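Each remark here refers to the structure printed beneath this line.
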Amino acid sequence: MIKNNIKYLVVLALGLIACEPEFDNPIEDAGTYSSGEADFSNYVALGNSLTAGLADGALYITGQENSYPNILSKQFAFAGGGEFTQPLMADNAGGLLLNGSPVLNPDGFNRFPNRRVLVFDADAVPIGPAIYTGAPATTEISTNLEGTFNNMGVPGAKSFHLGAKGYGNITNLATGRANPYYVRFASTPEASIIEDAVGQAPTFFSLWIGNNDILSYATSGGVGVDRTGNPNFQEYGNDDITDPGFFDTTYRGLVGALVQNGAKGVLLNLPDVSSLPFFTTVPTNAVPLDAQTATVLNTRFALYNTQILPRLALSGVISTEEAAQRQINFVEGQNFVTIVDESLTDISTILQSPAFGVDAQTASLLAQLRQATSEDLIPLTSSGNIGVDLSGDGTLITGVSVPLGDADVLTLAEQALVERARLSYNATIEALATANNLAFYDVAADLSQAANGGIPFDSGVITSQFVSGGGFSLDGVHPTPRAHALVVNGILDAIKATYGVNLPSVNLSDYGTITVSNEVN
């Protein structure tokens, strides 16, 4: 039998400590610091959730206060930096309300639930991340905040959303043409994010955008469409990959608007998804089997392995390489999950023909079936779908006798689509930094280092290990306060090299990692 159900939790060392950051960093000896060729008197940050400070699956006040732009503004204050304002949420719970009620998906689930926290059982043993229940959400979407805001990070925004008029119009929410976070602080219903940013006449800016142009495809397990070659964004679905050519045109327009009045700035590139614990925490060999169960399963797949697949290859329906790829074998111990791979030939129809005589249900299960390899990635949110007994008697178990669906795995082929687009986006970003004499921060290199050995600092190491690594919050995608501080230091190095800026770095030890209890201040 299967020894353990795979659950959405991670056991970590009990010695893990997370703390809130310290903000009492006084400005001393300001005369020893310099803005160089830059002017920090009016700093505006543009981007998505990474810029806004979203963490643990939600936007909340403490996360916003720990956003890299807010931390960076405190360093800019050493050399003439002005006030830095943010469209703060109403609480630290993190959820959103529309007219006093949660915003629901068509399936009835809350689209914007509270943040996640790490919870423990009665014996103080960590159970795993769970939605915070200590307080209700109080942030009302329909309440538009007055004034202008230096942090223009909008969770969920893609590159082309920054120039989209009506993206802050509450009447467009129902059609998906508006963003609830921007609705809260758009200057007018028809304003665009870039218009609101440029309208503040920034003297310095940061731009970190483009992650969602590929990330939504990746986090959905590749259920979207690669739109490479199609610049018509009106045809795009939420989980589609943005055409690199359209990204280039869009990004050029954003940079052009920001520098038109002589503003200096810094551009940040996009990390590899394999650097994110959202994709690296759940192993593909996640199914533990005893010897008896493995034997029973192999018996059930024997006909498929030894007769059906060879006959399909011999008749030319599939290649011999695909026949080998589709072999299903189980052993005692850890086993690779079975998955649906849409790049494989759909053999369901031919299996139901008289030549094979396979019943419809079995043919459907075998249609595009294979076992995962170590190169496939299982999203963190799909871990709970592994080992579910659909039959009640152990004959239909997801990830074993029933493959995981397309949304539950990011195959190597799908990863290649994401990476191809990312490399193109990053080439655009770096080229425009050079062409416009802007600073460029290779944040992708730092996150890669965090995923491959870690980044040492004075009191430890930041890694991409889920929960315990210190670099990523409990959603597995967004940075912790400590990682935001790391980004700040990377930006400071970049603007020093480009503009001769002399500013103090931040102490990573002053910034915490995750919230380890249901006690949220």
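Within each chain, counting starts at residue 1; across the structure tokens, chains are named A, B, ... in the order shown, with ligands numbered 1 upward in that order.
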
*Excluding same-chain residues fewer than 3 positions from Ser142 (chain A), what lies within 9 Å of it counting only C-alpha atoms, as number ranges by chain?*
A: 97-99, 170, 180, 183-184

*asked:* List the spatial neighbours of Ala291 (chain A) as a list in words - criterion: any atom at most 7 Å away, only C-alpha atoms, same-chain residues fewer than 4 positions off excluded.
replied: Thr295, Val331 and Glu332 of chain A

Output file for the selection above: N, CA and C atoms, as a PDB file, in the first residue's frame:
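As a result, part_5.pdb now contains:
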ATOM      1  N   THR A 295       4.404  -4.553  -6.985  1.00  0.00           N
ATOM      2  CA  THR A 295       4.208  -5.757  -7.801  1.00  0.00           C
ATOM      3  C   THR A 295       2.818  -5.781  -8.424  1.00  0.00           C
ATOM      4  N   VAL A 331       8.634   0.382  -8.227  1.00  0.00           N
ATOM      5  CA  VAL A 331       9.567  -0.371  -7.399  1.00  0.00           C
ATOM      6  C   VAL A 331       9.239  -0.137  -5.931  1.00  0.00           C
ATOM      7  N   GLU A 332       9.793  -0.957  -5.072  1.00  0.00           N
ATOM      8  CA  GLU A 332       9.668  -0.712  -3.641  1.00  0.00           C
ATOM      9  C   GLU A 332      10.457   0.543  -3.289  1.00  0.00           C
TER      10      GLU A 332
END

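Within region 219-409 of chain A, DSSP run on the backbone puts these residues in strand (DSSP E): Lys264, Gly265, Val266, Leu267, Leu268, Val287, Pro288, Leu289, Gly333, Gln334, Asn335, Thr338, Ile339, Val340, Leu369, Arg370 and Gln371 of chain A.
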
*Do a neighbour search on Val317 (chain A) at 12 Å with only C-alpha atoms, toss out local chain neighbours closer than 3 positions, and write the hits as a list in words.*
Ile308, Leu309, Pro310, Arg311, Leu312, Ala313, Leu314, Thr320, Glu321, Glu322, Ala323, Leu344, Thr345, Asp346, Ile347, Ser348, Thr349, Ile350 and Leu351 of chain A

*Pick out the closest residue to Phe440 (chain A) from this set: A:Asp406, A:Asp389, A:Asp493, A:Asp243. Count only C-alpha atoms.*
A:Asp493

*Nearest to Asp408 (chain A): which of A:Ala130, A:Val287, A:Val282, A:Leu303 is it, counting only C-alpha atoms?*
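Ranking A:Ala130, A:Val287, A:Val282, A:Leu303 by distance to Asp408 (chain A), first place goes to A:Val282.
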
_Spatial neighbours of region 101-108 of chain A, max dist 10 Å, only C-alpha atoms, sep filter under 3 positions, as a list of chain:residue names_ =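 Residues meeting the cut-off are A:Gly95, A:Leu96, A:Leu97, A:Leu98, A:Arg111, A:Phe112, A:Pro113, A:Ala137, A:Thr138, A:Glu140, A:Ile141, A:Pro180.
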
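Considering only C-alpha atoms, the residue among A:Gly80, A:Gln371, A:Ala445, A:Gly399 positioned nearest to Gln325 (chain A) is A:Gln371.
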
*List every residue of region 50-273 of chain A that DSSP, applied to the backbone, labels as alpha helix (DSSP H), and write the result as a PyMOL selection string.*
chain A and resi 50-52+61-65+68-76+180-183+193-198+212-219+244-259

Restricted to C-alpha atoms, what would the selected residues look like written as an mmCIF file, in the first residue's frame?
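Saved file selection06.cif follows:
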data_model
loop_
_atom_site.group_PDB
_atom_site.id
_atom_site.type_symbol
_atom_site.label_atom_id
_atom_site.label_comp_id
_atom_site.auth_asym_id
_atom_site.auth_seq_id
_atom_site.Cartn_x
_atom_site.Cartn_y
_atom_site.Cartn_z
ATOM 1 C CA LEU A 50 7.569 41.673 -6.281
ATOM 2 C CA THR A 51 7.661 45.470 -6.127
ATOM 3 C CA ALA A 52 4.451 45.830 -4.111
ATOM 4 C CA ILE A 61 1.058 46.045 5.564
ATOM 5 C CA THR A 62 4.183 44.418 6.985
ATOM 6 C CA GLY A 63 5.013 42.954 3.595
ATOM 7 C CA GLN A 64 4.635 46.381 1.995
ATOM 8 C CA GLU A 65 6.869 47.943 4.619
ATOM 9 C CA TYR A 68 12.557 46.413 -1.623
ATOM 10 C CA PRO A 69 11.420 49.893 -2.828
ATOM 11 C CA ASN A 70 10.496 50.950 0.708
ATOM 12 C CA ILE A 71 13.766 49.659 2.150
ATOM 13 C CA LEU A 72 15.666 51.268 -0.727
ATOM 14 C CA SER A 73 13.969 54.615 -0.118
ATOM 15 C CA LYS A 74 15.359 54.599 3.421
ATOM 16 C CA GLN A 75 18.859 54.248 2.000
ATOM 17 C CA PHE A 76 18.156 57.000 -0.538
ATOM 18 C CA PRO A 180 -8.316 45.141 -7.831
ATOM 19 C CA TYR A 181 -5.037 46.331 -6.340
ATOM 20 C CA TYR A 182 -4.717 49.160 -8.847
ATOM 21 C CA VAL A 183 -8.421 49.994 -8.487
ATOM 22 C CA ILE A 193 -0.032 52.729 -14.235
ATOM 23 C CA ILE A 194 2.690 54.276 -16.379
ATOM 24 C CA GLU A 195 0.691 57.508 -16.684
ATOM 25 C CA ASP A 196 0.284 57.738 -12.922
ATOM 26 C CA ALA A 197 3.986 57.043 -12.452
ATOM 27 C CA VAL A 198 5.229 59.551 -15.024
ATOM 28 C CA ASN A 212 4.062 37.460 -14.756
ATOM 29 C CA ASP A 213 4.422 37.343 -18.534
ATOM 30 C CA ILE A 214 5.872 33.852 -18.042
ATOM 31 C CA LEU A 215 5.211 33.003 -14.396
ATOM 32 C CA SER A 216 1.450 32.586 -14.703
ATOM 33 C CA TYR A 217 2.041 30.007 -17.448
ATOM 34 C CA ALA A 218 4.559 28.198 -15.273
ATOM 35 C CA THR A 219 2.578 28.229 -12.022
ATOM 36 C CA PRO A 244 8.841 38.306 -26.789
ATOM 37 C CA GLY A 245 8.520 40.774 -29.658
ATOM 38 C CA PHE A 246 5.502 42.379 -28.023
ATOM 39 C CA PHE A 247 7.345 42.408 -24.693
ATOM 40 C CA ASP A 248 10.238 44.229 -26.355
ATOM 41 C CA THR A 249 7.939 46.865 -27.823
ATOM 42 C CA THR A 250 6.057 47.268 -24.553
ATOM 43 C CA TYR A 251 9.169 47.483 -22.398
ATOM 44 C CA ARG A 252 10.775 50.030 -24.720
ATOM 45 C CA GLY A 253 7.692 52.188 -24.382
ATOM 46 C CA LEU A 254 7.792 52.002 -20.595
ATOM 47 C CA VAL A 255 11.459 52.916 -20.384
ATOM 48 C CA GLY A 256 11.021 55.695 -22.939
ATOM 49 C CA ALA A 257 8.224 57.244 -20.895
ATOM 50 C CA LEU A 258 10.243 57.078 -17.671
ATOM 51 C CA VAL A 259 13.428 58.643 -19.039
#

*asked:* If I take CA of Ile514 (chain A) and CA of Val266 (chain A), how far is one from the other in Å, to one decimal?
replied: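 It comes out at 27.8 Å.
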
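Among the candidate residues A:Ala294, A:Leu447, A:Val501, A:Ser459, the one lying nearest to Ser401 (chain A) is A:Ala294, with distances computed using only C-alpha atoms.
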